[in-house]
>>> print(open('target.pdb').read())   # PDB, C-alpha atoms
ATOM      1  CA  MET A  75     206.897 104.181 163.517
ATOM      2  CA  THR A  76     203.128 103.928 163.122
ATOM      3  CA  ASP A  77     201.150 102.113 160.447
ATOM      4  CA  GLU A  78     199.334 104.184 157.872
ATOM      5  CA  ALA A  79     195.658 104.635 158.647
ATOM      6  CA  THR A  80     193.353 102.214 156.849
ATOM      7  CA  PRO A  81     191.130 104.103 154.387
ATOM      8  CA  VAL A  82     187.535 104.421 155.552
ATOM      9  CA  LEU A  83     184.555 104.102 153.216
ATOM     10  CA  GLU A  84     183.105 107.469 152.308
ATOM     11  CA  GLN A  85     179.837 108.320 154.019
ATOM     12  CA  GLU A  86     176.868 108.000 151.695
ATOM     13  CA  PRO A  87     176.112 111.400 150.101
ATOM     14  CA  ALA A  88     172.567 112.743 150.236
ATOM     15  CA  ALA A  89     172.387 112.628 146.435
ATOM     16  CA  ALA A  90     172.524 108.817 146.471
ATOM     17  CA  ALA A  91     168.912 108.436 147.577
ATOM     18  CA  LEU A  92     167.866 110.946 144.933
ATOM     19  CA  LEU A  93     169.638 109.099 142.123
ATOM     20  CA  PHE A  94     168.641 105.557 143.112
ATOM     21  CA  GLY A  95     165.167 106.137 144.568
ATOM     22  CA  ASP A  96     163.584 102.917 145.789
ATOM     23  CA  ARG A  97     166.668 100.993 144.593
ATOM     24  CA  ILE A  98     168.940 102.676 147.142
ATOM     25  CA  GLU A  99     169.301  99.568 149.325
ATOM     26  CA  LEU A 100     170.716  97.628 146.374
ATOM     27  CA  ALA A 101     173.129 100.476 145.675
ATOM     28  CA  ARG A 102     174.234 100.459 149.309
ATOM     29  CA  SER A 103     174.755  96.709 149.254
ATOM     30  CA  PHE A 104     176.822  96.850 146.056
ATOM     31  CA  THR A 105     178.928  99.741 147.335
ATOM     32  CA  ALA A 106     179.619  97.978 150.621
ATOM     33  CA  GLU A 107     180.676  94.776 148.846
ATOM     34  CA  LEU A 108     182.888  96.686 146.413
ATOM     35  CA  ALA A 109     184.487  98.449 149.378
ATOM     36  CA  ARG A 110     185.023  95.117 151.133
ATOM     37  CA  ARG A 111     186.452  93.120 148.239
ATOM     38  CA  GLY A 112     187.387  95.628 145.549
ATOM     39  CA  GLU A 113     191.070  96.031 146.353
ATOM     40  CA  GLU A 114     191.568  92.311 146.992
ATOM     41  CA  LEU A 115     190.115  91.471 143.569
ATOM     42  CA  GLY A 116     191.975  94.276 141.782
ATOM     43  CA  LEU A 117     188.782  96.146 140.962
ATOM     44  CA  ILE A 118     189.587  99.445 142.669
ATOM     45  CA  GLY A 119     192.755 101.048 143.982
ATOM     46  CA  PRO A 120     193.679 101.154 147.674
ATOM     47  CA  LEU A 121     192.948 104.879 147.946
ATOM     48  CA  GLU A 122     189.446 104.810 146.454
ATOM     49  CA  LEU A 123     187.385 104.065 149.587
ATOM     50  CA  PRO A 124     187.234 107.680 150.821
ATOM     51  CA  ARG A 125     185.690 108.708 147.481
ATOM     52  CA  LEU A 126     183.956 105.508 146.385
ATOM     53  CA  TRP A 127     180.437 106.936 146.456
ATOM     54  CA  THR A 128     181.136 110.293 144.805
ATOM     55  CA  ARG A 129     183.831 109.350 142.290
ATOM     56  CA  HIS A 130     182.528 105.954 141.222
ATOM     57  CA  ILE A 131     178.971 105.063 142.269
ATOM     58  CA  LEU A 132     177.189 108.399 141.820
ATOM     59  CA  ASN A 133     179.447 109.241 138.890
ATOM     60  CA  SER A 134     178.098 106.144 137.142
ATOM     61  CA  ALA A 135     174.474 106.555 138.245
ATOM     62  CA  LEU A 136     174.254 109.978 136.606
ATOM     63  CA  LEU A 137     173.998 108.224 133.232
ATOM     64  CA  GLY A 138     170.720 106.598 134.237
ATOM     65  CA  PRO A 139     168.359 109.250 132.810
ATOM     66  CA  LEU A 140     170.164 109.087 129.435
ATOM     67  CA  LEU A 141     169.137 105.471 128.862
ATOM     68  CA  GLU A 142     166.126 104.587 126.732
ATOM     69  CA  ALA A 143     163.113 103.140 128.529
ATOM     70  CA  ASP A 144     163.000  99.354 128.089
ATOM     71  CA  GLY A 145     166.181  99.610 126.028
ATOM     72  CA  ARG A 146     169.175  97.349 125.491
ATOM     73  CA  VAL A 147     172.572  98.607 126.644
ATOM     74  CA  ALA A 148     176.058  97.138 126.263
ATOM     75  CA  ASP A 149     178.664  98.291 128.772
ATOM     76  CA  VAL A 150     182.165  97.845 127.359
ATOM     77  CA  GLY A 151     185.002  97.038 129.749
ATOM     78  CA  SER A 152     182.686  96.708 132.756
ATOM     79  CA  GLY A 153     185.445  95.810 135.220
ATOM     80  CA  ALA A 154     184.096  96.422 138.705
ATOM     81  CA  GLY A 155     180.641  97.155 137.318
ATOM     82  CA  LEU A 156     181.197 100.843 136.723
ATOM     83  CA  PRO A 157     178.967 102.010 135.196
ATOM     84  CA  GLY A 158     177.241  98.773 134.087
ATOM     85  CA  LEU A 159     176.153  97.203 137.377
ATOM     86  CA  VAL A 160     175.397 100.582 138.931
ATOM     87  CA  LEU A 161     173.124 101.427 136.007
ATOM     88  CA  ALA A 162     171.487  97.999 136.157
ATOM     89  CA  ILE A 163     170.600  98.782 139.763
ATOM     90  CA  ALA A 164     169.290 102.250 138.927
ATOM     91  CA  ARG A 165     167.385 101.217 135.777
ATOM     92  CA  SER A 166     165.606  97.907 136.263
ATOM     93  CA  ASP A 167     163.660  98.471 133.023
ATOM     94  CA  VAL A 168     166.805  98.362 130.878
ATOM     95  CA  SER A 169     168.579  95.157 129.777
ATOM     96  CA  PHE A 170     172.360  95.244 130.177
ATOM     97  CA  THR A 171     175.099  93.197 128.525
ATOM     98  CA  LEU A 172     178.331  93.658 130.461
ATOM     99  CA  ILE A 173     181.315  93.028 128.184
ATOM    100  CA  GLU A 174     184.552  92.253 130.038
ATOM    101  CA  PRO A 175     187.618  90.265 128.854
ATOM    102  CA  MET A 176     189.092  89.317 132.254
ATOM    103  CA  GLU A 177     187.773  86.114 133.809
ATOM    104  CA  ARG A 178     188.053  87.173 137.441
ATOM    105  CA  ARG A 179     186.154  90.377 136.730
ATOM    106  CA  CYS A 180     183.443  88.410 134.917
ATOM    107  CA  ASP A 181     183.225  86.175 137.984
ATOM    108  CA  TRP A 182     182.700  89.266 140.136
ATOM    109  CA  LEU A 183     180.057  90.711 137.801
ATOM    110  CA  ASN A 184     178.164  87.416 137.692
ATOM    111  CA  ALA A 185     178.390  86.926 141.450
ATOM    112  CA  GLU A 186     177.170  90.436 142.240
ATOM    113  CA  SER A 187     174.339  90.249 139.707
ATOM    114  CA  GLU A 188     173.173  87.028 141.336
ATOM    115  CA  ARG A 189     173.666  88.264 144.895
ATOM    116  CA  LEU A 190     171.704  91.442 144.221
ATOM    117  CA  GLY A 191     168.987  89.625 142.284
ATOM    118  CA  LEU A 192     169.517  91.653 139.120
ATOM    119  CA  GLU A 193     167.553  89.912 136.387
ATOM    120  CA  ASN A 194     168.399  92.540 133.765
ATOM    121  CA  VAL A 195     172.111  91.660 133.493
ATOM    122  CA  THR A 196     174.023  89.326 131.156
ATOM    123  CA  VAL A 197     177.814  89.069 131.483
ATOM    124  CA  LEU A 198     179.735  88.363 128.295
ATOM    125  CA  ARG A 199     183.414  87.529 128.510
ATOM    126  CA  GLY A 200     185.431  88.975 125.652
ATOM    127  CA  ARG A 201     186.629  92.153 124.019
ATOM    128  CA  ALA A 202     184.191  94.440 122.241
ATOM    129  CA  GLU A 203     185.677  93.683 118.838
ATOM    130  CA  ASP A 204     185.304  89.930 119.423
ATOM    131  CA  VAL A 205     181.602  89.983 120.351
ATOM    132  CA  ALA A 206     180.286  92.497 117.812
ATOM    133  CA  ASP A 207     178.584  89.763 115.777
ATOM    134  CA  ALA A 208     176.674  88.584 118.853
ATOM    135  CA  VAL A 209     175.602  91.948 120.270
ATOM    136  CA  VAL A 210     173.230  94.568 118.836
ATOM    137  CA  VAL A 211     171.976  97.177 121.294
ATOM    138  CA  ASP A 212     170.295 100.566 121.455
ATOM    139  CA  GLN A 213     173.090 102.245 123.419
ATOM    140  CA  VAL A 214     176.669 101.555 124.468
ATOM    141  CA  THR A 215     178.310 102.848 127.633
ATOM    142  CA  ALA A 216     181.961 102.797 128.663
ATOM    143  CA  ARG A 217     184.055 104.321 131.410
ATOM    144  CA  ALA A 218     187.834 104.750 131.538
ATOM    145  CA  VAL A 219     188.439 102.318 128.680
ATOM    146  CA  SER A 220     190.512 104.264 126.126
ATOM    147  CA  ALA A 221     190.692 107.482 124.129
ATOM    148  CA  LEU A 222     187.801 108.242 121.780
ATOM    149  CA  SER A 223     189.932 107.655 118.695
ATOM    150  CA  LYS A 224     190.289 104.007 119.755
ATOM    151  CA  LEU A 225     187.007 103.586 121.634
ATOM    152  CA  ILE A 226     184.653 104.739 118.879
ATOM    153  CA  PRO A 227     185.700 102.021 116.379
ATOM    154  CA  LEU A 228     185.284  99.399 119.128
ATOM    155  CA  THR A 229     181.807 100.471 120.187
ATOM    156  CA  VAL A 230     180.062 101.529 116.958
ATOM    157  CA  PRO A 231     179.690  97.932 115.651
ATOM    158  CA  LEU A 232     177.654  97.033 118.750
ATOM    159  CA  VAL A 233     174.968  99.677 118.157
ATOM    160  CA  ARG A 234     171.924  99.504 115.896
ATOM    161  CA  SER A 235     171.390 102.219 113.326
ATOM    162  CA  GLY A 236     169.968 105.220 115.151
ATOM    163  CA  GLY A 237     171.386 104.061 118.481
ATOM    164  CA  GLN A 238     173.797 105.990 120.661
ATOM    165  CA  LEU A 239     177.259 105.976 122.156
ATOM    166  CA  ILE A 240     177.274 107.256 125.747
ATOM    167  CA  LEU A 241     180.927 107.321 126.766
ATOM    168  CA  MET A 242     182.105 108.700 130.103
ATOM    169  CA  LYS A 243     185.091 111.003 129.757
ATOM    170  CA  GLY A 244     187.311 113.317 131.764
ATOM    171  CA  ALA A 245     188.096 117.006 131.659
ATOM    172  CA  ARG A 246     190.052 116.676 128.386
ATOM    173  CA  VAL A 247     187.141 115.300 126.378
ATOM    174  CA  ASP A 248     187.234 118.213 123.919
ATOM    175  CA  GLU A 249     190.865 117.402 123.096
ATOM    176  CA  GLU A 250     189.907 113.766 122.560
ATOM    177  CA  ILE A 251     187.117 114.788 120.197
ATOM    178  CA  GLU A 252     189.504 116.931 118.181
ATOM    179  CA  LYS A 253     191.958 114.029 117.859
ATOM    180  CA  ALA A 254     189.105 111.711 116.873
ATOM    181  CA  ARG A 255     187.612 113.969 114.170
ATOM    182  CA  LYS A 256     188.572 111.648 111.298
ATOM    183  CA  VAL A 257     187.204 108.617 113.127
ATOM    184  CA  ILE A 258     183.950 110.433 113.903
ATOM    185  CA  LEU A 259     183.523 111.269 110.208
ATOM    186  CA  ARG A 260     184.544 107.802 109.029
ATOM    187  CA  LYS A 261     182.084 106.115 111.390
ATOM    188  CA  ARG A 262     179.380 108.608 110.342
ATOM    189  CA  LEU A 263     178.473 109.709 113.842
ATOM    190  CA  THR A 264     175.920 112.503 114.114
ATOM    191  CA  ASP A 265     174.535 114.692 116.902
ATOM    192  CA  VAL A 266     177.947 114.697 118.578
ATOM    193  CA  GLU A 267     177.861 116.509 121.908
ATOM    194  CA  VAL A 268     179.450 116.700 125.338
ATOM    195  CA  LEU A 269     177.094 116.612 128.318
ATOM    196  CA  GLU A 270     178.006 117.659 131.836
ATOM    197  CA  LEU A 271     175.862 115.745 134.292
ATOM    198  CA  GLY A 272     175.149 116.280 137.967
ATOM    199  CA  ASP A 273     175.611 120.027 138.313
ATOM    200  CA  GLY A 274     173.915 121.047 141.546
ATOM    201  CA  VAL A 275     173.397 117.398 142.515
ATOM    202  CA  VAL A 276     176.909 116.068 143.142
ATOM    203  CA  GLU A 277     180.254 117.682 143.943
ATOM    204  CA  GLU A 278     182.013 116.116 140.944
ATOM    205  CA  THR A 279     180.102 116.447 137.690
ATOM    206  CA  THR A 280     180.400 113.793 134.998
ATOM    207  CA  ARG A 281     181.321 114.520 131.379
ATOM    208  CA  VAL A 282     179.796 112.319 128.705
ATOM    209  CA  PHE A 283     180.480 112.062 124.979
ATOM    210  CA  ARG A 284     177.197 111.280 123.270
ATOM    211  CA  ALA A 285     176.665 110.616 119.576
ATOM    212  CA  THR A 286     174.172 108.890 117.295
ATOM    213  CA  VAL A 287     175.264 105.961 115.124
ATOM    214  CA  ASP A 288     174.069 106.112 111.513
TER     215      ASP A 288
END
>>> encode(input="target.pdb", output="structure tokens")
Amino acid sequence: MTDEATPVLEQEPAAAALLFGDRIELARSFTAELARRGEELGLIGPLELPRLWTRHILNSALLGPLLEADGRVADVGSGAGLPGLVLAIARSDVSFTLIEPMERRCDWLNAESERLGLENVTVLRGRAEDVADAVVVDQVTARAVSALSKLIPLTVPLVRSGGQLILMKGARVDEEIEKARKVILRKRLTDVEVLELGDGVVEETTRVFRATVD
């Protein structure tokens, strides 16, 4: 009986250099450290290494062009730093508040921010609903947190009037929007749209729910 093969980190796709530009070395360093310690710390699953770049790093980096220049962004449920830390690497002009309730994940986010020399990152331990009084930003991001019907009420209080929700979603985003219609109306969201990012750049495109907060 032979042991199962240890997963190998995915080779860096060509699109990585395009998305990160002169910040690519920081992206490589973060990806390597996440590959090395991610499973041990409960940040990624044991089968994620062969698709770490495409499914997680590039997937997150695609949001970069959607962020306002010199803006303030809150990333809800940052976890491993996806998309928050990845975006902080890609967009050094944007200030990020990474909101995460679990202490060990906050420790990771703080340690990586310091190790990478990211001066545009603040880590805030707590749930979105508990820190709303302390956080007012231009845009909120989130990835794999919860369905829109639950996520919208959690994120809207963090955003200034005229700011945006930029929420990463899967293939069933249209179904989620339909189920969240009443919430969308109640929270007075406008300019609601679904964007598909990365077509022609990456193998797996990224779907994003974007809306403006009144």
>>> closest_residue(input="target.pdb", among="A:Ile118, A:Leu100, A:Val257, A:Ala206", to="Leu225 of chain A", atoms="only C-alpha atoms")
A:Val257
>>> residues_around(input="target.pdb", residues="segment 231-243 of chain A", least_positions_apart="3", cutoff="7 Å", atoms="all atoms listed in the file", output="VMD selection string")
chain A and resid 206 209 to 217 228 247 281 to 288
>>> residues_around(input="target.pdb", residues="Val195 of chain A", least_positions_apart="6", cutoff="8 Å", atoms="all atoms listed in the file", output="number ranges by chain")
A: 159, 162, 169-172, 187
>>> write_last_selection(input="target.pdb", atoms="C-alpha atoms", output="PDB file, in the coordinates of the input")
ATOM      1  CA  LEU A 159     176.153  97.203 137.377  1.00  0.00           C
ATOM      2  CA  ALA A 162     171.487  97.999 136.157  1.00  0.00           C
ATOM      3  CA  SER A 169     168.579  95.157 129.777  1.00  0.00           C
ATOM      4  CA  PHE A 170     172.360  95.244 130.177  1.00  0.00           C
ATOM      5  CA  THR A 171     175.099  93.197 128.525  1.00  0.00           C
ATOM      6  CA  LEU A 172     178.331  93.658 130.461  1.00  0.00           C
ATOM      7  CA  SER A 187     174.339  90.249 139.707  1.00  0.00           C
TER       8      SER A 187
END
>>> closest_residue(input="target.pdb", among="A:Glu249, A:Glu177, A:Glu277, A:Glu84", to="Leu123 of chain A", atoms="only C-alpha atoms")
A:Glu84
>>> closest_residue(input="target.pdb", among="A:Ile258, A:Ala101, A:Ala164, A:Ala106", to="Pro227 of chain A", atoms="only C-alpha atoms")
A:Ile258
>>> atom_distance(input="target.pdb", atom1="atom CA of Lys261 of chain A", atom2="atom CA of Arg165 of chain A")
28.9 Å
>>> atom_distance(input="target.pdb", atom1="atom CA of Leu137 of chain A", atom2="atom CA of Asp265 of chain A")
17.6 Å
>>> resolve_selection(input="target.pdb", expression="the PyMOL selection byres ((chain A and resi 86) around 10)", output="PyMOL selection string")
chain A and resi 83-85+87-91+102+105+125-128+132
>>> residues_around(input="target.pdb", residues="Leu183 of chain A", least_positions_apart="6", cutoff="8 Å", atoms="all atoms listed in the file", output="number ranges by chain")
A: 153-155, 159, 197
>>> residues_near_point(input="target.pdb", point="(195.1, 101.2, 148.0)", cutoff="12 Å", atoms="all atoms listed in the file", output="list in words")
Glu78, Ala79, Thr80, Pro81, Val82, Ala109, Arg111, Gly112, Glu113, Glu114, Leu115, Gly116, Leu117, Ile118, Gly119, Pro120, Leu121, Glu122, Leu123 and Pro124 of chain A
